[in-house]
Each structure stands twice: as C-alpha cells, then as structure tokens.
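For reference, the structure is listed below as structure tokens.
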Amino acid sequence: MKSHRLTLSLVGLLALAAGCATKVRSVNPTVVSGELRQWHDVTLTFYGPESSETAEPNPFLDYRLDVTFTKGGKQYVVPGYYAADGNAAETSATGGSRWRVHFLPPEPGTWTYTASFRTGTDIAIDAGAGGEPAAFDGAAGTLKIERTDKMGRDFRAQGLLQYIGQRYLRFAHTGTYFLKGGADSPENFLAYADFDGTYDTAELTREGEAAGGEFIHRYEPHIEDWRPGDPIWKDGKGKGMIGALNYLASKGMNSVYFITYNLDGGDGKDVWMWTDPNERLRFDCSKLAQWEIVFSHMDRLGLMLHVITQEQENDQGLDGGELGRRRKLYYRELIARFAHHPALVWNLGEENTNTTEQRKAFSKYIHDVDPYDHPIVCHTFPGQYDKAYEPLLGYEYFEGPSLQTNDTHAQTVKWLDRSAGSGRQWFVCLDEIGPAHTGVKPDKDDYWHDEVRTRHLWGNLMAGGAGVEWYFGYKYAHNDLNCESWHSRDHMWDMTRYALEFFRNLPFTKMEHHDELTSAENDYCFARPGQLYAVYLPSGGTTDLDLGNTTETFRIRWFDPREGGPMQMGSLASISGPGRFNIGQPPRHTDKDWVALVERVKP
C-alpha cells in the first residue's frame with residue numbers, strides 16, 4: 001500500500017461519529033459492512049446526493065469520493081464510487097443516494113477514516129481539482145479491526161499479493177510466494193448471461209479467431225459444481241459461473257485471466273462496464289455489483305484476478321490510445337470497485353500496440369490511483385518482445401511481461417535476466433501459447449498434452465518463471481471465446497497442479513536457472529549450486545551434471561510430471577563431487593519426461 005497526505009474539508013452539517021456501527025443513525029452518514037478483520041473487505045457506504053446513472057451532474061465523473069484511512073504513521077487514500085441504491089446486484093437499480101468505498105485493512109487495530117466528497121466538472125479524473133464540498137464531505141469515524149480468522153487458500157488468510165522486486169510475488173501476511181497456474185480462456189469470461197446488461201453486440205457472423213454467430217456464456221456444465229451456501233444473486237442467478245470457479249479451484253488452480261472491455265473492435269464484443277455499448281462515461285452499477293459478488297468468491301477460493309483492461313483490437317478505442325478523459329475514468333472505476341481484492345494483477349492489454357510513452361503513462365496513473373499497488377504487466381505479440389519490453393526495463397511503475405510465446409524457456413530466461421540487469425527484477429509469466437487456432441486442446445483431442453507440458457509448463461517454471469495460464473485455440477471445442485466447460489481440460493489442470501506442487505516443495509525462491517550445468521542439449525536445470533539441483537528431461541534419458549568443486553554426496557530421486565505422486569528411486573542412488581557425473585536413468589518409461597532431484601545429503 002502507498003502512503004498519501006490529503007487535506008480534507010470539514011464543511012458540512014453532518015456530525016462526526018464512529019464508523020464501526022452497522023446501522024444508520026441520523027447523525028452518521030456512514031454504514032460499515034463486512035467482517036471488520038485484517039485483509040477482509042471493509043465496505044463504507046455513505047448517504048449522499050440522490051443521483052442516477054444518467055443524471056447531471058454525472059455521478060461518475062463530476063463527483064470524487066476519496067477516503068483516507070489512518071493508523072499511526074500509516075495512511076491510505078482509497079477512491080470510492082457511485083453505488084446507486086447500495087443493493088443494485090439484487091435490485092438492478094440505476095439510481096439512488098449511496099456512495100461506497102472498499103478498504104483492505106493491512107493490520108489489526110484502530111483505524112480512523114475521513115471522507116473527502118467533492119463536486120466539480122470532471123473532478124473524478126482531475127487530481128489537482130479542489131471542487132466544492134458536497135453532502136458528507138468530512139464525515140469521519142473509527143474502525144476496530146481484528147485479526148483475520150481465515151485459513152488455507154482463502155486470500156483473506158494470506159494477505160495482499162505484492163510485487164517485492166523479486167522473481168515471484170509474495171503474500172504480505174503469510175510471507176509465502178505465489179506460483180501461478182490457471183485459465184487464460186475464455187478471455188470473455190465475464191460475458192455471462194446472468195449479469196445485468198450483458199449481451200453479444202457482434203454481427204451475426206464473425207471472422208478469424210472470433211468466427212461464429214452471436215454468443216453469450218451460461219456455463220451450464222458447471223451448475224453441478226455450485227454448492228449450497230455459495231453466492232447467487234436475484235433468486236438463483238450465477239450458479240454456472242460460481243460452479244465453474246469452484247471446479248477450477250478444486251483442480252488446484254489459483255488464477256483466472258479475463259477481459260473487462262472488448263468493444264470497439266474487440267473479439268467478443270460482449271464485455272463492458274458502461275451502461276451501454278456506446279457509452280464511455282457512465283457505468284452500470286448493478287452489473288458491476290454482480291461482478292463484485294463473483295470476485296469476492298474468487299478471493300475465498302484462492303483464485304487471483306488477472307484483469308485484462310483491453311485487447312489489441314481496441315487498445316486505441318479510448319481517447320485514441322492516449323491517457324485521456326475516458327481512459328482515466330475507466331481505470332479509476334476499475335480501481336475503486338475492485339482493487340480491494342487481495343490477489344489481483346492489472347494487465348495493460350492483450351497483444352498490446354500502445355506506444356511506450358502510453359504504456360508508461362497508463363502504468364503510472366494506475367499506480368497513483370491504486371492504494372494497494374497491485375502489480376502491472378503487459379501482454380504482447382510473439383516476436384515483438386524487444387519492441388514492447390526493452391523500453392520498460394527499469395521503469396518504476398511496471399512489474400513484468402505477460403508472455404505470449406512458443407519459445408517459453410528462452411523468453412522467460414531472457415526477461416528475467418534482462419530485468420535483473422536493469423536493477424528492477426521482473427516476475428515473468430507465460431499467459432498464452434500458440435498457434436492461435438490450437439493453444440491447449442481439449443483432453444479428448446490431446447489427453448497427455450505432451451508439447452504443452454514439456455515446452456511450456458515446465459519450460460517456464462524451470463527458468464524461474466512465476467507460472468502459467470492456459471489459452472484454448474479457436475479451432476477446438478470450448479475455445480477462447482465460447483468455452484462453457486473447464487472440464488474440457490481436466491487432465492491439463494491435473495498436470496499443472498503436479499508441477500506447482502513439485503516446485504512448492506522446493507526452496508524455489510533461492511534457486512535459479514542453470515542450464516549450463518548439464519550436458520544434454522534440451523534439458524533444463526534449476527538449481528542452488530552446491531545444495532540442490534532439479535533437472536528436467538523433456539524426452540527422458542539421462543544427462544551429466546556438473547557439481548563443481550564440492551566433495552559432498554548428493555542423493556538422486558525422480559518425479560513423474562505426467563502422473564505426479566511421491567519421489568521415486570531411479571537407476572542410481574547418489575553421486576559425489578567434485579566434477580561432472582551422470583545422474584542415471586528414471587525408474588521407468590525412460591523415453592518420457594522426468595525430473596531428477598539431486599540433493600546434497602546432510603551430515
């Protein structure tokens with residue numbers, strides 16, 4: 001979180017009162033909801049001027065709500081938003097007098113808050129504008145925050161997922177490091193029939209990757225994965241999407257990639273935040289409140305939000321690609337409504353074609369508005385890595401590439417090393433493999449996914465990469481736009497989980513790529529030299545390993561990337577240094593991929 005200083009007006013007739021009350025008093029305009037615990041969403045709802053999505057002045061643009069939360073020397077300025085009647089997910093209201101802010105308390109104790117609520121032309125996107133005080137400006141109170149009571153993969157148990165200048169993101173509360181495995185498809189995950197105001201705006205036919213007729217998601221195969229007690233809205237809506245997320249989490253995945261804007265030439269033409277496909281300055285309160293229900297469930301399941309803010313086809317659609325009036329408001333609304341989720345990454349765009357200057361401006365603006373400093377990455381075309389990423393090396397508001405590549409291991413190594421050399425280490429994820437018509441096929445077409453597993457999954461992780469998400473090619477069932485069932489890649493999720501579990505049992509943050517230590521041409525070595533070596537053999541067989549000058553003895557065990565399970569003994573139990581030695585053969589299926597773990601025997 002970042003610290004800010006803000007001078008607040010105390011103009012107004014409303015008396016100050018404690019904000020931890022959960023019922024409204026006539027002297028207190030604030031209603032606090034949610035569990036008042038560390039890393040939980042604490043929501044403050046203010047009673048302000050009556051307005052609507054179509055009102056003048058524009059409640060999204062011509063009012064600015066910021067709330068400053070303070071505890072000791074810590075101070076966070078959190079942007080707020082217009083929330084219609086405060087219950088729009090259920091009522092589909094387009095008007096009302098509720099204004100809202102979400103706070104993610106980083107520690108227990110007593111926090112004070114003070115609201116700044118100002119009005120003026122375009123004040124929401126003009127940080128320097130003072131405007132005029134309105135309604136509850138100056139409202140203040142206290143919040144008594146307890147320790148989190150959550151456990152396990154629930155992100156409220158782990159805390160804010162942060163970029164800390166290393167190869168891996170880390171959770172602020174537990175200190176554990178994050179390795180990503182998840183779904184890149186469908187990119188239009190939010191094009192869901194049960195959300196208000198959501199439909200396909202495309203023509204009757206599409207071309208290329210988007211070929212096909214009008215379409216909208218229902219996720220009916222996943223209704224069976226919904227469980228009693230899971231969230232729904234409006235008397236039963238949402239079961240398909242909530243069930244889909246339950247299923248993905250049950251497979252051990254921890255991330256979902258989704259786009260929030262694909263109009264203006266985008267592929268799906270079915271996801272937007274605004275009140276109308278032709279509107280860019282007014283937002284659909286009920287749709288976004290329903291998104292919030294889904295995102296909150298993702299927090300509980302331990303599924304990171306990978307937010308793709310635009311795609312190549314529409315990255316010039318807001319302000320001609322500049323950081324202008326529409327884009328600033330779009331980013332502010334995204335941040336105000338959703339930045340309180342503990343595990344979230346902002347992506348500047350899929351296959352992005354903005355200029356370096358524009359990308360830098362976007363990154364800085366997002367960092368300036370986002371009180372939680374979520375990581376910012378950018379996705380680009382294969383073969384355009386140098387053009388996109390080279391000028392961003394060392395830039396203080398950018399944290400890493402979102403790779404689209406079939407050269408996974410080499411590109412991961414390259415950008416890890418180049419960024420380290422720039423003085424600002426990036427985390428490097430694989431977020432799309434090609435070709436576009438193939439990606440990761442359904443299990444029925446490619447059950448073992450040999451190429452995906454060997455070249456891409458293990459290729460990223462063995463380089464020191466931060467993890468993967470899987471894209472589904474458009475020539476196969478359940479593709480990047482029309483996927484209705486994540487069951488279609490059930491076995492791929494399993495093999496991804498095996499890899500993540502293997503790495504989590506290693507001191508992976510202390511290990512680095514060391515392919516130079518082995519003799520085989522196509523193997524990968526990830527090591528802490530003198531202590532521990534993981535050697536991945538994509539085609540099986542064997543290799544020699546250089547132990548250097550050490551005279552220690554090293555035990556050799558083998559891991560099966562296809563089946564998972566416990567470590568196994570191969571043809572050779574141990575080797576001793578110094579020098580280069582053959583590591584022997586895996587226990588069986590010697591023509592298949594295996595991982596050898598060569599570990600120093602402790603005295």
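For the structure tokens, the naming scheme is as follows: chains receive sequential letters (A, B, ...) according to their order of presentation, residues are indexed from 1 within each chain, and ligands are indexed from 1 in presentation order.
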Contacts of Gln166 in chain A at 10 Å (only C-alpha atoms; same-chain gap of 6+ positions) as a ChimeraX atom specification: /A:399,416,420,424-427,509
Restrict the selected residues to all heavy atoms and save them as a PDB file, in the first residue's frame.
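result-v7.pdb, written as the output of this step:
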ATOM      1  N   GLU A 399       5.927  -4.029 -13.688  1.00  0.00           N
ATOM      2  CA  GLU A 399       6.480  -5.170 -12.950  1.00  0.00           C
ATOM      3  C   GLU A 399       6.783  -6.414 -13.766  1.00  0.00           C
ATOM      4  O   GLU A 399       7.367  -7.351 -13.231  1.00  0.00           O
ATOM      5  CB  GLU A 399       5.537  -5.544 -11.803  1.00  0.00           C
ATOM      6  CG  GLU A 399       5.641  -4.640 -10.596  1.00  0.00           C
ATOM      7  CD  GLU A 399       5.021  -3.261 -10.781  1.00  0.00           C
ATOM      8  OE1 GLU A 399       3.847  -3.184 -11.192  1.00  0.00           O
ATOM      9  OE2 GLU A 399       5.720  -2.254 -10.541  1.00  0.00           O
ATOM     10  N   LEU A 416      13.875 -12.478 -17.390  1.00  0.00           N
ATOM     11  CA  LEU A 416      14.336 -12.497 -16.003  1.00  0.00           C
ATOM     12  C   LEU A 416      15.729 -11.884 -15.901  1.00  0.00           C
ATOM     13  O   LEU A 416      15.994 -11.040 -15.037  1.00  0.00           O
ATOM     14  CB  LEU A 416      14.351 -13.934 -15.476  1.00  0.00           C
ATOM     15  CG  LEU A 416      12.997 -14.545 -15.143  1.00  0.00           C
ATOM     16  CD1 LEU A 416      13.144 -16.023 -14.810  1.00  0.00           C
ATOM     17  CD2 LEU A 416      12.320 -13.807 -13.988  1.00  0.00           C
ATOM     18  N   ALA A 420      16.727  -8.178 -14.307  1.00  0.00           N
ATOM     19  CA  ALA A 420      17.660  -8.159 -13.182  1.00  0.00           C
ATOM     20  C   ALA A 420      18.826  -7.225 -13.483  1.00  0.00           C
ATOM     21  O   ALA A 420      19.270  -6.454 -12.625  1.00  0.00           O
ATOM     22  CB  ALA A 420      18.163  -9.565 -12.885  1.00  0.00           C
ATOM     23  N   ARG A 424      15.778  -3.660 -11.760  1.00  0.00           N
ATOM     24  CA  ARG A 424      14.398  -3.853 -11.294  1.00  0.00           C
ATOM     25  C   ARG A 424      13.931  -5.214 -11.787  1.00  0.00           C
ATOM     26  O   ARG A 424      13.461  -5.362 -12.921  1.00  0.00           O
ATOM     27  CB  ARG A 424      13.483  -2.736 -11.799  1.00  0.00           C
ATOM     28  CG  ARG A 424      12.044  -2.828 -11.286  1.00  0.00           C
ATOM     29  CD  ARG A 424      11.248  -1.598 -11.674  1.00  0.00           C
ATOM     30  NE  ARG A 424       9.836  -1.715 -11.384  1.00  0.00           N
ATOM     31  CZ  ARG A 424       9.275  -1.536 -10.192  1.00  0.00           C
ATOM     32  NH1 ARG A 424      10.035  -1.233  -9.153  1.00  0.00           N
ATOM     33  NH2 ARG A 424       7.966  -1.652 -10.018  1.00  0.00           N
ATOM     34  N   GLN A 425      14.066  -6.225 -10.930  1.00  0.00           N
ATOM     35  CA  GLN A 425      13.737  -7.593 -11.293  1.00  0.00           C
ATOM     36  C   GLN A 425      12.250  -7.741 -11.579  1.00  0.00           C
ATOM     37  O   GLN A 425      11.403  -7.357 -10.773  1.00  0.00           O
ATOM     38  CB  GLN A 425      14.125  -8.537 -10.154  1.00  0.00           C
ATOM     39  CG  GLN A 425      13.743  -9.994 -10.373  1.00  0.00           C
ATOM     40  CD  GLN A 425      14.566 -10.649 -11.454  1.00  0.00           C
ATOM     41  OE1 GLN A 425      15.762 -10.859 -11.295  1.00  0.00           O
ATOM     42  NE2 GLN A 425      13.921 -10.986 -12.576  1.00  0.00           N
ATOM     43  N   TRP A 426      11.901  -8.300 -12.740  1.00  0.00           N
ATOM     44  CA  TRP A 426      10.509  -8.589 -13.082  1.00  0.00           C
ATOM     45  C   TRP A 426      10.126  -9.999 -12.659  1.00  0.00           C
ATOM     46  O   TRP A 426      10.988 -10.867 -12.483  1.00  0.00           O
ATOM     47  CB  TRP A 426      10.309  -8.467 -14.595  1.00  0.00           C
ATOM     48  CG  TRP A 426      10.291  -7.066 -15.115  1.00  0.00           C
ATOM     49  CD1 TRP A 426      10.221  -5.912 -14.402  1.00  0.00           C
ATOM     50  CD2 TRP A 426      10.363  -6.680 -16.495  1.00  0.00           C
ATOM     51  NE1 TRP A 426      10.213  -4.822 -15.243  1.00  0.00           N
ATOM     52  CE2 TRP A 426      10.308  -5.260 -16.530  1.00  0.00           C
ATOM     53  CE3 TRP A 426      10.463  -7.363 -17.698  1.00  0.00           C
ATOM     54  CZ2 TRP A 426      10.341  -4.536 -17.721  1.00  0.00           C
ATOM     55  CZ3 TRP A 426      10.496  -6.651 -18.889  1.00  0.00           C
ATOM     56  CH2 TRP A 426      10.442  -5.258 -18.899  1.00  0.00           C
ATOM     57  N   PHE A 427       8.826 -10.225 -12.524  1.00  0.00           N
ATOM     58  CA  PHE A 427       8.310 -11.590 -12.482  1.00  0.00           C
ATOM     59  C   PHE A 427       7.760 -11.889 -13.874  1.00  0.00           C
ATOM     60  O   PHE A 427       7.153 -11.021 -14.509  1.00  0.00           O
ATOM     61  CB  PHE A 427       7.273 -11.768 -11.370  1.00  0.00           C
ATOM     62  CG  PHE A 427       5.926 -11.145 -11.610  1.00  0.00           C
ATOM     63  CD1 PHE A 427       4.828 -11.906 -11.996  1.00  0.00           C
ATOM     64  CD2 PHE A 427       5.736  -9.776 -11.430  1.00  0.00           C
ATOM     65  CE1 PHE A 427       3.589 -11.334 -12.201  1.00  0.00           C
ATOM     66  CE2 PHE A 427       4.494  -9.188 -11.631  1.00  0.00           C
ATOM     67  CZ  PHE A 427       3.415  -9.974 -12.014  1.00  0.00           C
ATOM     68  N   THR A 509      12.560 -19.975  -4.414  1.00  0.00           N
ATOM     69  CA  THR A 509      12.970 -18.570  -4.482  1.00  0.00           C
ATOM     70  C   THR A 509      14.483 -18.415  -4.361  1.00  0.00           C
ATOM     71  O   THR A 509      15.039 -17.366  -4.709  1.00  0.00           O
ATOM     72  CB  THR A 509      12.296 -17.745  -3.371  1.00  0.00           C
ATOM     73  OG1 THR A 509      12.706 -18.230  -2.095  1.00  0.00           O
ATOM     74  CG2 THR A 509      10.783 -17.826  -3.485  1.00  0.00           C
TER      75      THR A 509
END
task: Run DSSP on the backbone and give me the residues of range 392-528 of chain A it puts in strand (DSSP E or B), as a VMD selection string.
output: chain A and resid 400 to 404 429 to 432 439 467 to 470 472 512 to 513 518 524 to 528
Using the selection just defined, write its residues with C-alpha atoms as an mmCIF file, in the first residue's frame.
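Okay, selection-v7.cif is ready:
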data_model
loop_
_atom_site.group_PDB
_atom_site.id
_atom_site.type_symbol
_atom_site.label_atom_id
_atom_site.label_comp_id
_atom_site.auth_asym_id
_atom_site.auth_seq_id
_atom_site.Cartn_x
_atom_site.Cartn_y
_atom_site.Cartn_z
ATOM 1 C CA GLY A 400 6.769 -7.661 -15.794
ATOM 2 C CA PRO A 401 5.829 -9.238 -19.098
ATOM 3 C CA SER A 402 2.754 -11.342 -19.742
ATOM 4 C CA LEU A 403 4.285 -13.633 -22.340
ATOM 5 C CA GLN A 404 2.586 -14.905 -25.464
ATOM 6 C CA CYS A 429 4.564 -15.429 -16.507
ATOM 7 C CA LEU A 430 3.502 -17.448 -19.542
ATOM 8 C CA ASP A 431 -0.040 -16.362 -20.390
ATOM 9 C CA GLU A 432 -0.630 -17.633 -23.922
ATOM 10 C CA GLY A 439 -3.369 -23.414 -27.841
ATOM 11 C CA GLY A 467 3.719 -19.528 -13.584
ATOM 12 C CA VAL A 468 1.256 -20.132 -16.398
ATOM 13 C CA GLU A 469 -2.282 -19.674 -17.658
ATOM 14 C CA TRP A 470 -3.712 -21.787 -20.474
ATOM 15 C CA PHE A 472 -7.661 -22.514 -25.732
ATOM 16 C CA GLU A 512 17.870 -20.066 -10.441
ATOM 17 C CA HIS A 513 18.136 -21.359 -13.968
ATOM 18 C CA THR A 518 24.032 -30.214 -17.588
ATOM 19 C CA TYR A 524 16.573 -27.658 -18.095
ATOM 20 C CA CYS A 525 18.427 -27.218 -14.821
ATOM 21 C CA PHE A 526 17.050 -25.177 -11.929
ATOM 22 C CA ALA A 527 19.483 -25.102 -9.061
ATOM 23 C CA ARG A 528 21.024 -23.749 -5.929
#
- prompt: Leaving out Val535 in chain A and any residue of its chain fewer than 2 positions from it, which residues lie within 9 Å of it when counting only C-alpha atoms, given as a PyMOL selection string?
  reply: chain A and resi 462+515+518+523-527+533+537+543+545+594-598
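Using only C-alpha atoms, the contacts of range 380-392 of chain A at a cut-off of 6 Å, with sequence neighbours closer than 5 positions omitted, comprise Glu351, Asn352, Gln404 and Thr405 of chain A.
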With N, CA, C and O atoms retained, export the selected residues as an mmCIF file, in the first residue's frame.
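Just written: selection.cif:
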data_model
loop_
_atom_site.group_PDB
_atom_site.id
_atom_site.type_symbol
_atom_site.label_atom_id
_atom_site.label_comp_id
_atom_site.auth_asym_id
_atom_site.auth_seq_id
_atom_site.Cartn_x
_atom_site.Cartn_y
_atom_site.Cartn_z
ATOM 1 N N GLU A 351 -1.926 -8.472 -26.398
ATOM 2 C CA GLU A 351 -1.298 -8.160 -27.691
ATOM 3 C C GLU A 351 -1.254 -6.645 -27.899
ATOM 4 O O GLU A 351 -1.617 -6.113 -28.941
ATOM 5 N N ASN A 352 -0.753 -5.970 -26.911
ATOM 6 C CA ASN A 352 -0.872 -4.518 -26.827
ATOM 7 C C ASN A 352 -0.064 -3.796 -27.895
ATOM 8 O O ASN A 352 1.080 -4.138 -28.168
ATOM 9 N N GLN A 404 3.235 -14.068 -24.460
ATOM 10 C CA GLN A 404 2.586 -14.905 -25.464
ATOM 11 C C GLN A 404 3.727 -15.440 -26.336
ATOM 12 O O GLN A 404 4.352 -14.683 -27.076
ATOM 13 N N THR A 405 4.003 -16.734 -26.226
ATOM 14 C CA THR A 405 5.187 -17.256 -26.897
ATOM 15 C C THR A 405 5.109 -18.765 -27.059
ATOM 16 O O THR A 405 4.399 -19.437 -26.304
#
List every residue of range 488-528 of chain A that has an atom at most 12 Å from any atom of range 243-260 of chain A, giving for each one its closest atom pair and the distance in Å to one decimal, counting only C-alpha atoms, sorted by chain and then by ascending residue number, as CSV.
residue,atom,partner,partner_atom,distance
A:Ser488,CA,A:Leu248,CA,11.4
A:Arg489,CA,A:Leu248,CA,10.3
A:Asp490,CA,A:Lys251,CA,7.9
A:His491,CA,A:Lys251,CA,9.4
A:Met492,CA,A:Lys251,CA,9.7
A:Trp493,CA,A:Lys251,CA,6.1
A:Asp494,CA,A:Lys251,CA,6.5
A:Met495,CA,A:Lys251,CA,9.8
A:Thr496,CA,A:Met253,CA,8.1
A:Arg497,CA,A:Gly252,CA,5.8
A:Tyr498,CA,A:Gly252,CA,9.2
A:Ala499,CA,A:Gly252,CA,10.8
A:Leu500,CA,A:Gly252,CA,8.9
A:Glu501,CA,A:Gly252,CA,9.2
Selection above as a file: N, CA and C atoms, as a PDB file, in the first residue's frame:
ATOM      1  N   SER A 488     -13.311 -29.555 -19.887  1.00  0.00           N
ATOM      2  CA  SER A 488     -12.745 -29.979 -21.169  1.00  0.00           C
ATOM      3  C   SER A 488     -11.227 -30.143 -21.119  1.00  0.00           C
ATOM      4  N   ARG A 489     -10.550 -29.502 -20.154  1.00  0.00           N
ATOM      5  CA  ARG A 489      -9.091 -29.642 -19.998  1.00  0.00           C
ATOM      6  C   ARG A 489      -8.748 -30.212 -18.623  1.00  0.00           C
ATOM      7  N   ASP A 490      -9.575 -31.109 -18.136  1.00  0.00           N
ATOM      8  CA  ASP A 490      -9.427 -31.651 -16.795  1.00  0.00           C
ATOM      9  C   ASP A 490      -8.027 -32.203 -16.550  1.00  0.00           C
ATOM     10  N   HIS A 491      -7.491 -32.947 -17.517  1.00  0.00           N
ATOM     11  CA  HIS A 491      -6.182 -33.568 -17.315  1.00  0.00           C
ATOM     12  C   HIS A 491      -5.053 -32.529 -17.341  1.00  0.00           C
ATOM     13  N   MET A 492      -5.233 -31.470 -18.120  1.00  0.00           N
ATOM     14  CA  MET A 492      -4.211 -30.420 -18.149  1.00  0.00           C
ATOM     15  C   MET A 492      -4.128 -29.715 -16.813  1.00  0.00           C
ATOM     16  N   TRP A 493      -5.271 -29.501 -16.162  1.00  0.00           N
ATOM     17  CA  TRP A 493      -5.243 -28.909 -14.821  1.00  0.00           C
ATOM     18  C   TRP A 493      -4.482 -29.824 -13.865  1.00  0.00           C
ATOM     19  N   ASP A 494      -4.705 -31.133 -13.976  1.00  0.00           N
ATOM     20  CA  ASP A 494      -4.001 -32.071 -13.101  1.00  0.00           C
ATOM     21  C   ASP A 494      -2.490 -31.959 -13.276  1.00  0.00           C
ATOM     22  N   MET A 495      -2.038 -31.975 -14.521  1.00  0.00           N
ATOM     23  CA  MET A 495      -0.588 -31.943 -14.751  1.00  0.00           C
ATOM     24  C   MET A 495       0.015 -30.592 -14.358  1.00  0.00           C
ATOM     25  N   THR A 496      -0.771 -29.531 -14.477  1.00  0.00           N
ATOM     26  CA  THR A 496      -0.309 -28.227 -13.996  1.00  0.00           C
ATOM     27  C   THR A 496      -0.162 -28.257 -12.480  1.00  0.00           C
ATOM     28  N   ARG A 497      -1.119 -28.852 -11.804  1.00  0.00           N
ATOM     29  CA  ARG A 497      -1.051 -28.954 -10.342  1.00  0.00           C
ATOM     30  C   ARG A 497       0.149 -29.779  -9.902  1.00  0.00           C
ATOM     31  N   TYR A 498       0.441 -30.871 -10.617  1.00  0.00           N
ATOM     32  CA  TYR A 498       1.611 -31.679 -10.245  1.00  0.00           C
ATOM     33  C   TYR A 498       2.878 -30.815 -10.268  1.00  0.00           C
ATOM     34  N   ALA A 499       3.013 -30.002 -11.311  1.00  0.00           N
ATOM     35  CA  ALA A 499       4.207 -29.164 -11.435  1.00  0.00           C
ATOM     36  C   ALA A 499       4.283 -28.136 -10.303  1.00  0.00           C
ATOM     37  N   LEU A 500       3.159 -27.486 -10.022  1.00  0.00           N
ATOM     38  CA  LEU A 500       3.153 -26.477  -8.959  1.00  0.00           C
ATOM     39  C   LEU A 500       3.473 -27.099  -7.608  1.00  0.00           C
ATOM     40  N   GLU A 501       2.932 -28.273  -7.351  1.00  0.00           N
ATOM     41  CA  GLU A 501       3.200 -28.934  -6.078  1.00  0.00           C
ATOM     42  C   GLU A 501       4.666 -29.319  -5.960  1.00  0.00           C
TER      43      GLU A 501
END
- prompt: Interatomic distance between CA of Trp458 in chain A and CA of Asp593 in chain A?
  reply: 10.2 Å
- prompt: If you measure from CA of Trp558 in chain A to CA of Leu532 in chain A, what distance in Å do you get, rounded to one decimal?
  reply: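 CA of Trp558 in chain A sits 13.3 Å away from CA of Leu532 in chain A.
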- line: CA of Tyr261 in chain A to CA of Asn479 in chain A measures 18.7 Å
